[in-house]
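So the structure is just underneath, and the comments pick up after that.
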Amino acid sequence: MELILSAGIGALTASGVYLLLRPRTYQVIIGLSLLSYAVNLFIFGMGRLRVNAPPVLDPVGAGDLASYTDPVPQALVLTAIVIGFAMTALFLVVLLASRGFTGTDHVDGREQRHD
Amino acid sequence: MTDWLQHLLILPILLPLAAGAALIPVDERNRMLKGLFGFGSTLIVFVIAMILMRIAANAGNPPGTGIYQLGNWPAPFGIVLVLDRLSALMLCLTAGLALAAQVYSMARWHTAGHHFHSLFQLLIAGLNGAFLTGDLFNLFVFFEMMLAASYGLLLHGSGPMRVKAGLHYIAINLAASSLFLIGVSLIYGVTGTLNMADLATKLATLTPDNRQFVETGAAILGIAFLVKAGMWPLSFWLPPAYAAATPPVAAVFAVLTKVGVYVIVRLHFLIFGAAAGASAGFGQDWLVAGGMLTIAFGAIGVLASQAMGRLAGYSVLVSSGTLLAAIGLGHAGMLAGALFYLVSSTLTISAFFLLIELVDRGRDAGADVLAVTMEAYGDFDEDEEEEEVGVAIPGTMAVLGLCFCLCAVLLSGLPPLSGFVAKFAILRGLFDMSGTDLSAAMSAADWTYVVLLILSGLAAMIAMNRIGIRTFWASIEGTVPRVFVIEITPVLVLLAACIFLSLQAGPAMRYMQATADDLLNPLFQSERVLSATRTGGQ
């Protein structure tokens, strides 16, 4: 499981960084989204991978730390996801405004000349 | 300590947040009313910040003062707000700049778009939160809040230039936020805590393997803040963005870079201070090298700038670089001077950003390009301008010119104003530690820093002289800009604050020294945070 998760994070990050460096605004926003997915998985992974272990205390059973997973990274991930959504939406608006002003989807607002 | 004073600590965050939210539904036609409401809110925050500064001066005495437990859980488990001299100082500085920028915006700039005052309040809430929080993840949340508001403010007024600069600014900051999260979670994954004070005590007990992870996390985290502070290879977004922003926004953005510097100062001394065992002083060399390159890059940019907005943007970089390198060099004596420099340079650059638009109003944009070109190829109209002797100088130009001169003196660090005092204090701290034999005790890095600090002042002076002469003495068109009283007053107030800082340099330096002593004694700070008990029984 660790291998799959780390490979997934790696693939997401690599494609995210590649797209982030591309010249089209659409590629940049997709790149940023992929990066934020990778980061969210990474935060999640920092709580160690546990299967069948709840992060919330069971009201009946006695508190034994071994049967629970760390709830803090899950809370952090939730916050990060929400903030990430908001920022993507905001970036999308700016992206559209830029397209409207310049008539191109190049990040510099003008096409590069090919001499 | 009464309950009332206890809750004072959360007000600098809650008040602007509530004010910003309350202003959203108000109709945009009542702009003046919204502006006054926002101004009132900021004014209260400023007063609170002053009181907090007084409280911070005797922090930890009685025990538990200046610690606010959100949700009333004790420190390593609950999230805390921590007040100390440094955060109180930053609160005061932010509120002061915000007041000036808000008054300025009410003349005309707040009409350029919607929800200016709401966004402004949210920015202040985010800034204050970032200064007060004692928890790494909470810092991220306040950081994002501040950034989200700053995106809106940068785009205020719209137009292709601002949207283009905004696009780059947002993309850079979103990428930096990802790094921030990676760093924070890496540190949490190893140490199991997000509380800064707790982290400081845990670091000394780590095994070498785990220490490596924490250092990696801290380095990634540091990059996120250095992007914000504008350290050299990470700073190319800054001058265009700041030059494109509307003047009141740019003025308050001057403190945004200082948030990056603030967090670096805080984490550097708290986590990697003397108590950190093998990790003590981690990353110092990078700060020194990066800071110095930033000074050099900024100084060259200042010299090469054709428009004043750019010049101010590069001055921000010089200021950041000076601070980062001073932190990295790590001599105890320099820290107080660096903090003094932080306050002085931020006030100056804010005033300058506000002034630029007033001065530029009467001129066409081509004149700036011409000025630099003329200098490169020699003046070709030297003899033609002598006939106008005796024309009365209009009052507006005189006031603007005077303000410009003050900015130039402050930026270049000439005596007698606070820019000089600050640089002098930094250098004195640098020379002081070496005792009698200068050449033996000072490293090559120290000397390079001294040279760069002085040369950057020279660069600022040359650039300001050139632009000043072209603007005020040899302006091609000579139209007098129309300036409202409420536009020039904030500039005058900010500059007066710098003059006040120069006159009261003694008490100010004593405060900075006490702040520096606090920072250099991180375990006391940790003790203070971790030992604070819950209030109101069980």
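Simple scheme: letters A, B, ... for chains in structure tokens order, numbers from 1 for residues in each chain, numbers from 1 for ligands in the order shown.
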
Taking only C-alpha atoms into account and nothing else, which residues of chain B lie no more than 8 Å away from chain A? Please answer as an mmCIF file with N, CA and C atoms, in the first residue's frame.
data_model
loop_
_atom_site.group_PDB
_atom_site.id
_atom_site.type_symbol
_atom_site.label_atom_id
_atom_site.label_comp_id
_atom_site.auth_asym_id
_atom_site.auth_seq_id
_atom_site.Cartn_x
_atom_site.Cartn_y
_atom_site.Cartn_z
ATOM 1 N N PHE B 137 -0.085 24.951 11.627
ATOM 2 C CA PHE B 137 -1.145 24.793 10.636
ATOM 3 C C PHE B 137 -2.092 25.987 10.638
ATOM 4 N N GLU B 144 -3.315 31.786 4.125
ATOM 5 C CA GLU B 144 -4.200 31.674 2.964
ATOM 6 C C GLU B 144 -5.258 32.765 2.981
ATOM 7 N N ALA B 148 -5.664 35.242 0.019
ATOM 8 C CA ALA B 148 -6.907 35.336 -0.745
ATOM 9 C C ALA B 148 -7.348 36.787 -0.835
ATOM 10 N N GLY B 159 -8.045 45.830 -15.294
ATOM 11 C CA GLY B 159 -7.139 46.270 -16.364
ATOM 12 C C GLY B 159 -6.156 45.179 -16.719
ATOM 13 N N PRO B 160 -5.686 45.140 -17.974
ATOM 14 C CA PRO B 160 -4.802 44.052 -18.436
ATOM 15 C C PRO B 160 -3.538 43.910 -17.601
ATOM 16 N N VAL B 163 -4.347 42.280 -14.212
ATOM 17 C CA VAL B 163 -4.770 40.888 -14.340
ATOM 18 C C VAL B 163 -3.567 40.009 -14.671
ATOM 19 N N LYS B 164 -2.693 40.518 -15.526
ATOM 20 C CA LYS B 164 -1.505 39.732 -15.871
ATOM 21 C C LYS B 164 -0.608 39.540 -14.644
ATOM 22 N N GLY B 166 -1.537 39.775 -11.597
ATOM 23 C CA GLY B 166 -2.285 38.990 -10.632
ATOM 24 C C GLY B 166 -2.216 37.506 -10.939
ATOM 25 N N LEU B 167 -2.286 37.177 -12.224
ATOM 26 C CA LEU B 167 -2.220 35.778 -12.644
ATOM 27 C C LEU B 167 -0.905 35.150 -12.180
ATOM 28 N N HIS B 168 0.192 35.856 -12.415
ATOM 29 C CA HIS B 168 1.495 35.336 -12.004
ATOM 30 C C HIS B 168 1.580 35.240 -10.485
ATOM 31 N N ILE B 170 -0.795 34.922 -8.266
ATOM 32 C CA ILE B 170 -1.614 33.849 -7.696
ATOM 33 C C ILE B 170 -0.969 32.491 -7.961
ATOM 34 N N ALA B 171 -0.485 32.290 -9.199
ATOM 35 C CA ALA B 171 0.120 30.993 -9.517
ATOM 36 C C ALA B 171 1.314 30.718 -8.613
ATOM 37 N N LEU B 174 0.114 30.001 -5.029
ATOM 38 C CA LEU B 174 -0.527 28.694 -4.867
ATOM 39 C C LEU B 174 0.527 27.596 -4.815
ATOM 40 N N ALA B 175 1.538 27.709 -5.676
ATOM 41 C CA ALA B 175 2.612 26.717 -5.655
ATOM 42 C C ALA B 175 3.339 26.772 -4.311
ATOM 43 N N SER B 178 1.494 25.013 -1.612
ATOM 44 C CA SER B 178 1.672 23.561 -1.645
ATOM 45 C C SER B 178 2.934 23.173 -0.885
ATOM 46 N N LEU B 181 2.383 23.342 2.827
ATOM 47 C CA LEU B 181 1.680 22.177 3.369
ATOM 48 C C LEU B 181 2.594 20.964 3.471
ATOM 49 N N ILE B 182 3.425 20.755 2.432
ATOM 50 C CA ILE B 182 4.341 19.611 2.473
ATOM 51 C C ILE B 182 5.262 19.735 3.681
ATOM 52 N N SER B 185 3.358 19.167 7.025
ATOM 53 C CA SER B 185 2.950 17.787 7.304
ATOM 54 C C SER B 185 4.163 16.893 7.542
ATOM 55 N N LEU B 186 5.266 17.212 6.865
ATOM 56 C CA LEU B 186 6.484 16.441 7.106
ATOM 57 C C LEU B 186 6.942 16.611 8.554
ATOM 58 N N TYR B 188 5.051 17.467 11.049
ATOM 59 C CA TYR B 188 4.090 16.790 11.927
ATOM 60 C C TYR B 188 4.311 15.283 11.919
ATOM 61 N N GLY B 189 4.571 14.747 10.732
ATOM 62 C CA GLY B 189 4.742 13.304 10.621
ATOM 63 C C GLY B 189 5.868 12.780 11.496
#

Which of chain A end up as helix (DSSP H, G or I) when DSSP is run on this backbone - answer as a ChimeraX atom specification? /A:2-20,25-45,65-67,71-102

Using only C-alpha atoms, can you tell me which of B:Leu5, B:Leu33, B:Leu91, B:Ile220 comes closest to B:Gly66?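 For B:Gly66, the nearest of the candidates is B:Leu5.
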
At a cut-off of 9 Å, using only C-alpha atoms, what residues contact B:Leu43? Leave out same-chain residues fewer than 3 positions from it and give the result as a PyMOL selection string. chain B and resi 38-40+46-48+95-96+99

Tell me which protein, DNA and RNA residues are within 10 Å of B:Ser105, counting only C-alpha atoms, leaving out same-chain ones fewer than 3 positions away, and put them as number ranges by chain. B: 35, 99-102, 108-112, 116-117, 246-249, 354, 486-487, 490

Between atom CA of B:Leu520 and atom CA of B:Ala278, what is the distance, to one decimal in Å?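 Straight-line distance from atom CA of B:Leu520 to atom CA of B:Ala278 works out to 16.8 Å.
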
Atom pair atom CA of B:Leu221 / atom CA of B:Tyr262: separation (Å): 13.5 Å
